[in-house]
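Worksheet: one structure, shown below.
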Number of protein chains: 2
Amino acid sequence: MATRGTPGIPEVADPPRRRAGRPATSILSRTLILETGLRLIDERGADGAGMRAIAKELGVRPSALYNHVAGYPELVAGVRELISERIPTDMFDTLPWDQALSEWAHHYRAAFAAHPPTIALLAVLPLSEDSVTTEMYERVVASLGRAGWPVERHLEVLVAVEAFILGAALDLAADDDMMNPGSRTDVPEYLAAYRARAARLAAGGRRAADLSFETGLRALLAGLRVELEELKGPDPDPAAR
Amino acid sequence: MATRGTPGIPEVADPPRRRAGRPATSILSRTLILETGLRLIDERGADGAGMRAIAKELGVRPSALYNHVAGYPELVAGVRELISERIPTDMFDTLPWDQALSEWAHHYRAAFAAHPPTIALLAVLPLSEDSVTTEMYERVVASLGRAGWPVERHLEVLVAVEAFILGAALDLAADDDMMNPGSRTDVPEYLAAYRARAARLAAGGRRAADLSFETGLRALLAGLRVELEELKGPDPDPAAR
DNA sequence: ACCTGAACACCGTTCAAGT
DNA sequence: ACCTGAACACCGTTCAAGT
């Protein structure tokens, strides 16, 4: 309900008080556009952060944005990069590979969780080729190498863990009540399981998605640990390490 | 390429040859609309399967669809249900819980993989409340119960596995080449890992996403198995089972 | 009940014209 | 180089009018 062009003369006529032509000092920048996009996503959801909405928020015409971003898809990718940049990776230099992966996974998921509407929008993007992500991968891979994982399996492990993280992030975006069976009588076991979890959640103050994330991550890493041990296990001479 | 309005004069003028008013026998149905939607998604991608495109394909005006589906979001949910229906669940009645979960996961992922463009569109949807999905959950939960998982942890385990499946499905939608570091020189370990995997993939005929899915799923289930053993382990009287 | 026809309120994007 | 202004080719959705 924006009160635009109401009565009178141009009362709330926010539109361009600026005249055409190149402004003395440039108004926009790629960074400004991306940050505004992320802010609007947070404030209004993914649908409230299109090219036109961002332009309006910046007091500019939509076409002006195209001087700094190639188009909407590129803008979305840029916003994802903005979020990815905030995922710390220094734990890979100080912790054992499995503990480091666990900490990383928590931060990774939290980075998206901080902007709920972005999850559906951004998790869908191909696990990009942008610079930030690649640098993150570099540290993960280095850690796996030091731990003794064979080099041809590094990406396999990395992507498996990342898949779980993204899936868990999607789950986080879903409403806690989304799986509520209501009063259906044809799924008794599910109903019992749903209620038992609900009671447990009510007791502790945690979200449903947190339980699944913690348990899944713990299991995944435990399984990977076992697999690495088996890879190294047949080693007949432990002193060779 | 549906050959519509074939002979006669108005050759390519497909638009409404039908006059207004209720047709003698109704043309549309919810099922027909959903199946056409899925087909168009397969043929043209998610962007080529909007309300208007479906209407055109069915030789009908867009507004006619609203007699059978509430709107676009409901249509997308319906298409997801169409896909979900094809995921078999009978393995939960015949196999041990962990083997059943493994088979289920393979089918679940394959159901989406059969319609690549849908993955990004559908995986994003909250793990719905629709009837098919809930019935699927019922069988999973029943299996976990028989295996000895405490009832308040059934959904936790189920959702953890499902998160991994959906994350793996997203990975499947990404191009194999998407993680290619190109000729970057600042990520040597990553570059080596990428090339080592590429060589391995070239040898065997598999996709990158398959490796990560198999390894992640195996690890996840192995970890869950260990956790269940620990839960049951302290049992002082094995005969009580 | 179930379709057409016309309209509404949006999109992202392009491009000439201005400075 | 970087903005405005106007236009293009789309969307999903609503609703009166027809049968």
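Following the order of the structure tokens, chains are lettered A, B, ..., residues in each are numbered from 1, and ligands are numbered from 1.
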
Subject >> Expected answer as a VMD selection string: chain C residues within 8 Å of chain B, only C-alpha atoms (C1' of nucleotides) >> reply: chain C and resid 1 to 4

Same residues, all heavy atoms, saved as a PDB file, in the first residue's frame:
```pdb
ATOM      1  P    DA C   1     -21.700 -25.431  -9.630  1.00  0.00           P
ATOM      2  OP1  DA C   1     -21.733 -26.231  -8.433  1.00  0.00           O
ATOM      3  OP2  DA C   1     -21.559 -24.015  -9.623  1.00  0.00           O
ATOM      4  O5'  DA C   1     -20.703 -26.046 -10.698  1.00  0.00           O
ATOM      5  C5'  DA C   1     -20.787 -27.417 -11.016  1.00  0.00           C
ATOM      6  C4'  DA C   1     -20.262 -27.657 -12.404  1.00  0.00           C
ATOM      7  O4'  DA C   1     -20.905 -26.744 -13.324  1.00  0.00           O
ATOM      8  C3'  DA C   1     -18.761 -27.436 -12.576  1.00  0.00           C
ATOM      9  O3'  DA C   1     -18.293 -28.404 -13.493  1.00  0.00           O
ATOM     10  C2'  DA C   1     -18.664 -26.028 -13.136  1.00  0.00           C
ATOM     11  C1'  DA C   1     -19.927 -25.929 -13.964  1.00  0.00           C
ATOM     12  N9   DA C   1     -20.490 -24.576 -14.023  1.00  0.00           N
ATOM     13  C8   DA C   1     -20.632 -23.713 -12.997  1.00  0.00           C
ATOM     14  N7   DA C   1     -21.200 -22.576 -13.334  1.00  0.00           N
ATOM     15  C5   DA C   1     -21.436 -22.706 -14.689  1.00  0.00           C
ATOM     16  C6   DA C   1     -22.010 -21.854 -15.642  1.00  0.00           C
ATOM     17  N6   DA C   1     -22.484 -20.642 -15.358  1.00  0.00           N
ATOM     18  N1   DA C   1     -22.093 -22.295 -16.903  1.00  0.00           N
ATOM     19  C2   DA C   1     -21.642 -23.521 -17.186  1.00  0.00           C
ATOM     20  N3   DA C   1     -21.077 -24.422 -16.368  1.00  0.00           N
ATOM     21  C4   DA C   1     -21.009 -23.941 -15.132  1.00  0.00           C
ATOM     22  P    DC C   2     -16.754 -28.496 -13.881  1.00  0.00           P
ATOM     23  OP1  DC C   2     -16.465 -29.856 -14.395  1.00  0.00           O
ATOM     24  OP2  DC C   2     -16.002 -27.949 -12.745  1.00  0.00           O
ATOM     25  O5'  DC C   2     -16.640 -27.474 -15.090  1.00  0.00           O
ATOM     26  C5'  DC C   2     -17.024 -27.887 -16.389  1.00  0.00           C
ATOM     27  C4'  DC C   2     -16.661 -26.805 -17.379  1.00  0.00           C
ATOM     28  O4'  DC C   2     -17.427 -25.621 -17.111  1.00  0.00           O
ATOM     29  C3'  DC C   2     -15.192 -26.367 -17.325  1.00  0.00           C
ATOM     30  O3'  DC C   2     -14.688 -26.340 -18.639  1.00  0.00           O
ATOM     31  C2'  DC C   2     -15.251 -24.977 -16.717  1.00  0.00           C
ATOM     32  C1'  DC C   2     -16.587 -24.503 -17.252  1.00  0.00           C
ATOM     33  N1   DC C   2     -17.219 -23.368 -16.527  1.00  0.00           N
ATOM     34  C2   DC C   2     -17.910 -22.393 -17.259  1.00  0.00           C
ATOM     35  O2   DC C   2     -17.999 -22.515 -18.486  1.00  0.00           O
ATOM     36  N3   DC C   2     -18.469 -21.345 -16.602  1.00  0.00           N
ATOM     37  C4   DC C   2     -18.357 -21.258 -15.279  1.00  0.00           C
ATOM     38  N4   DC C   2     -18.936 -20.209 -14.691  1.00  0.00           N
ATOM     39  C5   DC C   2     -17.670 -22.241 -14.519  1.00  0.00           C
ATOM     40  C6   DC C   2     -17.114 -23.280 -15.176  1.00  0.00           C
ATOM     41  P    DC C   3     -13.124 -26.326 -18.914  1.00  0.00           P
ATOM     42  OP1  DC C   3     -12.816 -27.524 -19.706  1.00  0.00           O
ATOM     43  OP2  DC C   3     -12.443 -26.088 -17.631  1.00  0.00           O
ATOM     44  O5'  DC C   3     -12.920 -25.006 -19.793  1.00  0.00           O
ATOM     45  C5'  DC C   3     -13.138 -25.055 -21.172  1.00  0.00           C
ATOM     46  C4'  DC C   3     -13.898 -23.830 -21.634  1.00  0.00           C
ATOM     47  O4'  DC C   3     -14.773 -23.359 -20.596  1.00  0.00           O
ATOM     48  C3'  DC C   3     -13.063 -22.596 -21.939  1.00  0.00           C
ATOM     49  O3'  DC C   3     -12.517 -22.688 -23.253  1.00  0.00           O
ATOM     50  C2'  DC C   3     -14.109 -21.496 -21.865  1.00  0.00           C
ATOM     51  C1'  DC C   3     -15.149 -22.030 -20.900  1.00  0.00           C
ATOM     52  N1   DC C   3     -15.267 -21.256 -19.625  1.00  0.00           N
ATOM     53  C2   DC C   3     -15.961 -20.040 -19.632  1.00  0.00           C
ATOM     54  O2   DC C   3     -16.447 -19.640 -20.699  1.00  0.00           O
ATOM     55  N3   DC C   3     -16.080 -19.339 -18.485  1.00  0.00           N
ATOM     56  C4   DC C   3     -15.539 -19.809 -17.359  1.00  0.00           C
ATOM     57  N4   DC C   3     -15.681 -19.087 -16.237  1.00  0.00           N
ATOM     58  C5   DC C   3     -14.827 -21.044 -17.320  1.00  0.00           C
ATOM     59  C6   DC C   3     -14.711 -21.726 -18.469  1.00  0.00           C
ATOM     60  P    DT C   4     -11.462 -21.566 -23.741  1.00  0.00           P
ATOM     61  OP1  DT C   4     -10.949 -22.048 -25.039  1.00  0.00           O
ATOM     62  OP2  DT C   4     -10.532 -21.271 -22.645  1.00  0.00           O
ATOM     63  O5'  DT C   4     -12.357 -20.273 -23.987  1.00  0.00           O
ATOM     64  C5'  DT C   4     -13.279 -20.235 -25.056  1.00  0.00           C
ATOM     65  C4'  DT C   4     -13.903 -18.853 -25.177  1.00  0.00           C
ATOM     66  O4'  DT C   4     -14.406 -18.430 -23.890  1.00  0.00           O
ATOM     67  C3'  DT C   4     -12.938 -17.752 -25.626  1.00  0.00           C
ATOM     68  O3'  DT C   4     -13.623 -16.908 -26.549  1.00  0.00           O
ATOM     69  C2'  DT C   4     -12.580 -17.025 -24.337  1.00  0.00           C
ATOM     70  C1'  DT C   4     -13.865 -17.167 -23.531  1.00  0.00           C
ATOM     71  N1   DT C   4     -13.692 -17.159 -22.055  1.00  0.00           N
ATOM     72  C2   DT C   4     -14.331 -16.195 -21.307  1.00  0.00           C
ATOM     73  O2   DT C   4     -15.034 -15.330 -21.792  1.00  0.00           O
ATOM     74  N3   DT C   4     -14.119 -16.289 -19.953  1.00  0.00           N
ATOM     75  C4   DT C   4     -13.362 -17.229 -19.293  1.00  0.00           C
ATOM     76  O4   DT C   4     -13.257 -17.218 -18.076  1.00  0.00           O
ATOM     77  C5   DT C   4     -12.726 -18.212 -20.140  1.00  0.00           C
ATOM     78  C7   DT C   4     -11.876 -19.280 -19.528  1.00  0.00           C
ATOM     79  C6   DT C   4     -12.914 -18.136 -21.452  1.00  0.00           C
TER      80       DT C   4
END
```

Fitted chain B, least squares over ordered Cα pairs with chain A, as a compact mmCIF listing (two decimals) with C-alpha atoms, in the first residue's frame:
```txt
# COMPACT_ATOMS: atom_id res chain seq x y z
CA MET B 1 9.45 2.03 4.36
CA ALA B 2 12.13 4.29 2.94
CA THR B 3 10.99 7.89 3.16
CA ARG B 4 11.83 9.00 -0.29
CA GLY B 5 11.11 12.35 -1.90
CA THR B 6 10.14 13.51 1.54
CA PRO B 7 9.10 17.16 1.60
CA GLY B 8 8.10 19.57 -1.11
CA ILE B 9 4.93 19.18 -3.09
CA PRO B 10 4.98 15.83 -4.88
CA GLU B 11 4.31 13.89 -1.73
CA VAL B 12 3.73 10.29 -2.70
CA ALA B 13 4.66 10.71 -6.34
CA ASP B 14 8.03 9.03 -5.91
CA PRO B 15 8.68 8.35 -9.63
CA PRO B 16 11.54 9.93 -11.47
CA ARG B 17 12.23 13.40 -10.33
CA ARG B 18 15.50 12.96 -12.14
CA ARG B 19 15.72 13.98 -15.75
CA ALA B 20 17.15 11.76 -18.46
CA GLY B 21 20.83 11.63 -19.26
CA ARG B 22 23.85 10.61 -17.30
CA PRO B 23 23.71 11.89 -13.72
CA ALA B 24 26.57 14.01 -12.40
CA THR B 25 27.56 11.39 -9.91
CA SER B 26 26.53 7.83 -10.59
CA ILE B 27 23.72 6.53 -8.43
CA LEU B 28 24.02 2.81 -8.76
CA SER B 29 26.71 0.22 -8.34
CA ARG B 30 26.75 -3.53 -8.57
CA THR B 31 27.26 -3.84 -4.83
CA LEU B 32 24.42 -1.48 -4.01
CA ILE B 33 22.09 -3.42 -6.26
CA LEU B 34 23.03 -6.79 -4.78
CA GLU B 35 22.71 -5.58 -1.21
CA THR B 36 19.35 -4.02 -1.94
CA GLY B 37 18.31 -7.31 -3.52
CA LEU B 38 19.28 -9.25 -0.41
CA ARG B 39 17.50 -6.79 1.84
CA LEU B 40 14.30 -6.97 -0.19
CA ILE B 41 14.45 -10.76 -0.17
CA ASP B 42 14.64 -10.64 3.61
CA GLU B 43 11.87 -8.10 3.93
CA ARG B 44 9.45 -9.30 1.28
CA GLY B 45 10.46 -12.77 0.22
CA ALA B 46 12.04 -13.93 -3.00
CA ASP B 47 9.09 -12.81 -5.12
CA GLY B 48 9.35 -9.24 -3.89
CA ALA B 49 12.90 -8.79 -5.04
CA GLY B 50 12.78 -8.77 -8.81
CA MET B 51 14.50 -6.32 -11.13
CA ARG B 52 11.58 -3.92 -11.09
CA ALA B 53 11.18 -4.02 -7.31
CA ILE B 54 14.88 -3.36 -6.75
CA ALA B 55 14.80 -0.51 -9.23
CA LYS B 56 11.82 1.04 -7.51
CA GLU B 57 13.44 0.71 -4.11
CA LEU B 58 16.52 2.50 -5.47
CA GLY B 59 14.41 5.23 -7.10
CA VAL B 60 15.54 4.30 -10.57
CA ARG B 61 14.05 2.83 -13.71
CA PRO B 62 14.44 -0.91 -14.24
CA SER B 63 16.59 -0.49 -17.31
CA ALA B 64 19.20 1.40 -15.29
CA LEU B 65 20.11 -1.80 -13.45
CA TYR B 66 21.38 -3.35 -16.65
CA ASN B 67 24.32 -1.01 -16.63
CA HIS B 68 25.62 -2.89 -13.60
CA VAL B 69 24.23 -6.41 -13.71
CA ALA B 70 23.75 -8.58 -16.75
CA GLY B 71 20.26 -9.70 -15.78
CA TYR B 72 18.17 -11.41 -13.17
CA PRO B 73 20.01 -14.75 -13.08
CA GLU B 74 23.30 -12.96 -12.56
CA LEU B 75 21.71 -10.91 -9.81
CA VAL B 76 20.61 -14.02 -7.96
CA ALA B 77 24.10 -15.49 -8.27
CA GLY B 78 25.52 -12.24 -6.91
CA VAL B 79 23.25 -12.38 -3.89
CA ARG B 80 24.33 -15.92 -3.21
CA GLU B 81 27.94 -14.77 -3.32
CA LEU B 82 27.08 -12.08 -0.81
CA ILE B 83 25.86 -14.72 1.59
CA SER B 84 28.69 -17.15 0.89
CA GLU B 85 31.27 -14.54 1.70
CA ARG B 86 30.11 -14.59 5.28
CA ILE B 87 30.86 -18.24 5.85
CA PRO B 88 34.07 -18.45 7.91
CA THR B 89 36.70 -20.99 6.88
CA ASP B 90 39.52 -20.38 9.32
CA MET B 91 38.62 -23.49 11.33
CA PHE B 92 40.28 -25.58 8.67
CA ASP B 93 43.64 -24.14 9.69
CA THR B 94 43.28 -24.89 13.38
CA LEU B 95 41.02 -27.92 13.86
CA PRO B 96 41.25 -31.56 12.78
CA TRP B 97 39.45 -32.18 9.48
CA ASP B 98 36.30 -33.68 10.95
CA GLN B 99 35.80 -31.06 13.63
CA ALA B 100 36.55 -28.37 11.07
CA LEU B 101 33.96 -29.81 8.68
CA SER B 102 31.44 -29.84 11.49
CA GLU B 103 32.01 -26.20 12.38
CA TRP B 104 32.02 -25.23 8.74
CA ALA B 105 28.73 -27.03 8.16
CA HIS B 106 27.12 -25.19 11.05
CA HIS B 107 28.23 -21.82 9.74
CA TYR B 108 27.32 -22.69 6.17
CA ARG B 109 23.78 -23.64 7.12
CA ALA B 110 23.46 -20.66 9.46
CA ALA B 111 24.47 -18.25 6.68
CA PHE B 112 21.42 -19.32 4.67
CA ALA B 113 19.22 -19.66 7.72
CA ALA B 114 19.81 -15.97 8.39
CA HIS B 115 17.89 -15.24 5.19
CA PRO B 116 15.10 -17.82 5.08
CA PRO B 117 13.50 -16.77 1.82
CA THR B 118 16.81 -17.12 0.03
CA ILE B 119 17.21 -20.79 0.74
CA ALA B 120 14.85 -22.05 -1.92
CA LEU B 121 16.14 -19.42 -4.32
CA LEU B 122 19.84 -19.93 -3.77
CA ALA B 123 20.33 -23.52 -2.73
CA VAL B 124 19.16 -24.45 -6.17
CA LEU B 125 22.03 -22.72 -7.88
CA PRO B 126 24.81 -24.96 -9.08
CA LEU B 127 27.51 -25.04 -6.44
CA SER B 128 29.02 -22.15 -8.23
CA GLU B 129 32.30 -21.38 -9.77
CA ASP B 130 32.53 -17.92 -8.31
CA SER B 131 35.68 -16.84 -6.58
CA VAL B 132 34.49 -16.90 -2.98
CA THR B 133 33.21 -20.43 -3.20
CA THR B 134 36.34 -21.69 -4.85
CA GLU B 135 38.50 -20.16 -2.14
CA MET B 136 36.34 -21.85 0.43
CA TYR B 137 36.83 -25.16 -1.33
CA GLU B 138 40.56 -24.60 -1.36
CA ARG B 139 40.70 -24.61 2.41
CA VAL B 140 38.46 -27.63 2.75
CA VAL B 141 40.54 -29.59 0.29
CA ALA B 142 43.78 -28.60 1.97
CA SER B 143 42.44 -29.82 5.28
CA LEU B 144 41.35 -33.16 3.81
CA GLY B 145 44.79 -33.55 2.30
CA ARG B 146 46.54 -33.00 5.60
CA ALA B 147 44.22 -35.53 7.21
CA GLY B 148 45.34 -38.22 4.80
CA TRP B 149 42.45 -38.38 2.36
CA PRO B 150 43.72 -39.35 -1.10
CA VAL B 151 43.66 -36.36 -3.43
CA GLU B 152 41.32 -37.95 -5.97
CA ARG B 153 38.67 -38.29 -3.26
CA HIS B 154 38.77 -34.75 -1.85
CA LEU B 155 35.95 -33.36 -3.95
CA GLU B 156 33.90 -36.47 -3.44
CA VAL B 157 33.95 -35.93 0.32
CA LEU B 158 33.51 -32.17 0.06
CA VAL B 159 30.49 -32.41 -2.21
CA ALA B 160 28.90 -35.13 -0.10
CA VAL B 161 29.06 -32.93 2.99
CA GLU B 162 27.86 -29.90 1.05
CA ALA B 163 24.92 -31.86 -0.33
CA PHE B 164 23.83 -32.66 3.18
CA ILE B 165 24.21 -29.05 4.27
CA LEU B 166 22.09 -27.76 1.39
CA GLY B 167 19.47 -30.42 1.92
CA ALA B 168 19.34 -29.50 5.59
CA ALA B 169 19.02 -25.83 4.65
CA LEU B 170 16.04 -26.65 2.44
CA ASP B 171 14.51 -28.49 5.34
CA LEU B 172 15.02 -25.40 7.44
CA ALA B 173 12.99 -23.37 4.96
CA ALA B 174 10.05 -25.70 5.36
CA ASP B 175 7.55 -24.99 8.03
CA ASP B 176 7.78 -27.09 11.17
CA ASP B 177 4.17 -27.99 10.78
CA MET B 178 4.54 -29.05 7.17
CA MET B 179 4.83 -32.74 7.97
CA ASN B 180 1.79 -32.72 10.21
CA PRO B 181 -0.36 -35.72 9.31
CA GLY B 182 -3.38 -34.02 10.82
CA SER B 183 -6.05 -36.52 11.66
CA ARG B 184 -5.18 -39.19 9.14
CA THR B 185 -5.85 -42.65 10.45
CA ASP B 186 -4.12 -44.66 7.75
CA VAL B 187 -0.59 -43.88 8.93
CA PRO B 188 -0.55 -44.89 12.61
CA GLU B 189 3.19 -45.37 13.03
CA TYR B 190 3.95 -42.08 11.35
CA LEU B 191 1.38 -40.32 13.47
CA ALA B 192 2.94 -41.73 16.63
CA ALA B 193 6.40 -40.70 15.48
CA TYR B 194 5.21 -37.21 14.63
CA ARG B 195 3.59 -36.76 18.02
CA ALA B 196 6.55 -38.15 19.89
CA ARG B 197 8.83 -35.69 18.15
CA ALA B 198 6.44 -32.83 18.73
CA ALA B 199 6.39 -33.58 22.45
CA ARG B 200 10.17 -33.69 22.50
CA LEU B 201 10.42 -30.40 20.65
CA ALA B 202 7.95 -28.75 23.00
CA ALA B 203 10.11 -29.79 25.93
CA GLY B 204 13.45 -28.62 24.59
CA GLY B 205 13.21 -25.33 22.72
CA ARG B 206 14.68 -26.54 19.45
CA ARG B 207 13.41 -26.70 15.92
CA ALA B 208 12.74 -29.98 14.18
CA ALA B 209 15.24 -29.16 11.46
CA ASP B 210 17.98 -28.69 14.04
CA LEU B 211 17.61 -32.21 15.37
CA SER B 212 17.93 -33.74 11.93
CA PHE B 213 20.83 -31.54 11.01
CA GLU B 214 22.82 -32.37 14.13
CA THR B 215 22.14 -36.09 13.92
CA GLY B 216 22.75 -36.34 10.20
CA LEU B 217 25.94 -34.34 10.34
CA ARG B 218 27.26 -36.34 13.28
CA ALA B 219 26.48 -39.62 11.53
CA LEU B 220 27.93 -38.47 8.22
CA LEU B 221 31.20 -37.38 9.79
CA ALA B 222 31.42 -40.50 11.94
CA GLY B 223 31.02 -42.63 8.85
CA LEU B 224 33.66 -40.65 6.97
CA ARG B 225 36.02 -41.02 9.93
CA VAL B 226 35.61 -44.78 9.82
CA GLU B 227 36.22 -44.80 6.10
CA LEU B 228 39.42 -42.80 6.47
CA GLU B 229 40.65 -45.12 9.21
CA GLU B 230 40.06 -48.09 6.95
CA LEU B 231 42.00 -46.38 4.19
CA LYS B 232 44.93 -45.78 6.46
CA GLY B 233 44.49 -48.90 8.56
CA PRO B 234 46.20 -51.45 6.33
CA ASP B 235 49.35 -49.36 6.67
CA PRO B 236 51.87 -51.88 8.02
CA ASP B 237 54.25 -49.22 9.29
CA PRO B 238 52.64 -46.51 11.41
CA ALA B 239 56.08 -44.98 11.97
CA ALA B 240 56.17 -44.05 8.30
CA ARG B 241 53.81 -41.23 9.07
```

Original post:
What does the distance between atom C1' of DA7 of chain D and atom C1' of DC15 of chain C come to in Å, to one decimal place?
Top reply: 9.1 Å

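Distance-wise, atom C1' of DA9 of chain C and atom C1' of DA9 of chain D end up 15.6 Å apart.
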
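For segment 87-120 of chain B, backbone-based DSSP assignment of helix (DSSP H, G or I) covers Met91, Phe92, Asp93, Thr94, Trp97, Asp98, Gln99, Ala100, Leu101, Ser102, Glu103, Trp104, Ala105, His106, His107, Tyr108, Arg109, Ala110, Ala111, Phe112, Ala113, Pro116, Pro117, Thr118, Ile119 and Ala120 of chain B.
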
Store the residues picked out above, limited to C-alpha atoms, as a PDB file, in the first residue's frame.
```
ATOM      1  CA  MET B  91      11.247 -52.141   0.588  1.00  0.00           C
ATOM      2  CA  PHE B  92      10.441 -51.016   4.096  1.00  0.00           C
ATOM      3  CA  ASP B  93       8.263 -54.086   4.534  1.00  0.00           C
ATOM      4  CA  THR B  94      10.886 -56.573   3.420  1.00  0.00           C
ATOM      5  CA  TRP B  97      15.787 -50.489   8.090  1.00  0.00           C
ATOM      6  CA  ASP B  98      19.198 -49.419   6.826  1.00  0.00           C
ATOM      7  CA  GLN B  99      19.057 -51.362   3.582  1.00  0.00           C
ATOM      8  CA  ALA B 100      15.504 -50.153   3.062  1.00  0.00           C
ATOM      9  CA  LEU B 101      16.564 -46.534   3.601  1.00  0.00           C
ATOM     10  CA  SER B 102      19.343 -47.018   1.087  1.00  0.00           C
ATOM     11  CA  GLU B 103      17.037 -48.397  -1.587  1.00  0.00           C
ATOM     12  CA  TRP B 104      14.470 -45.740  -0.844  1.00  0.00           C
ATOM     13  CA  ALA B 105      17.080 -43.006  -1.159  1.00  0.00           C
ATOM     14  CA  HIS B 106      18.155 -44.311  -4.542  1.00  0.00           C
ATOM     15  CA  HIS B 107      14.607 -44.350  -5.847  1.00  0.00           C
ATOM     16  CA  TYR B 108      13.805 -40.975  -4.312  1.00  0.00           C
ATOM     17  CA  ARG B 109      16.756 -39.319  -5.990  1.00  0.00           C
ATOM     18  CA  ALA B 110      16.110 -41.142  -9.263  1.00  0.00           C
ATOM     19  CA  ALA B 111      12.505 -39.918  -9.335  1.00  0.00           C
ATOM     20  CA  PHE B 112      13.745 -36.328  -9.482  1.00  0.00           C
ATOM     21  CA  ALA B 113      16.691 -37.173 -11.683  1.00  0.00           C
ATOM     22  CA  PRO B 116      16.175 -32.678 -14.291  1.00  0.00           C
ATOM     23  CA  PRO B 117      14.583 -29.265 -14.662  1.00  0.00           C
ATOM     24  CA  THR B 118      12.183 -30.028 -11.836  1.00  0.00           C
ATOM     25  CA  ILE B 119      14.863 -30.493  -9.229  1.00  0.00           C
ATOM     26  CA  ALA B 120      15.539 -26.843  -8.594  1.00  0.00           C
TER      27      ALA B 120
END
```

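Picture a line from atom C1' of DG12 of chain D to atom C1' of DA6 of chain C; it runs 15.2 Å.
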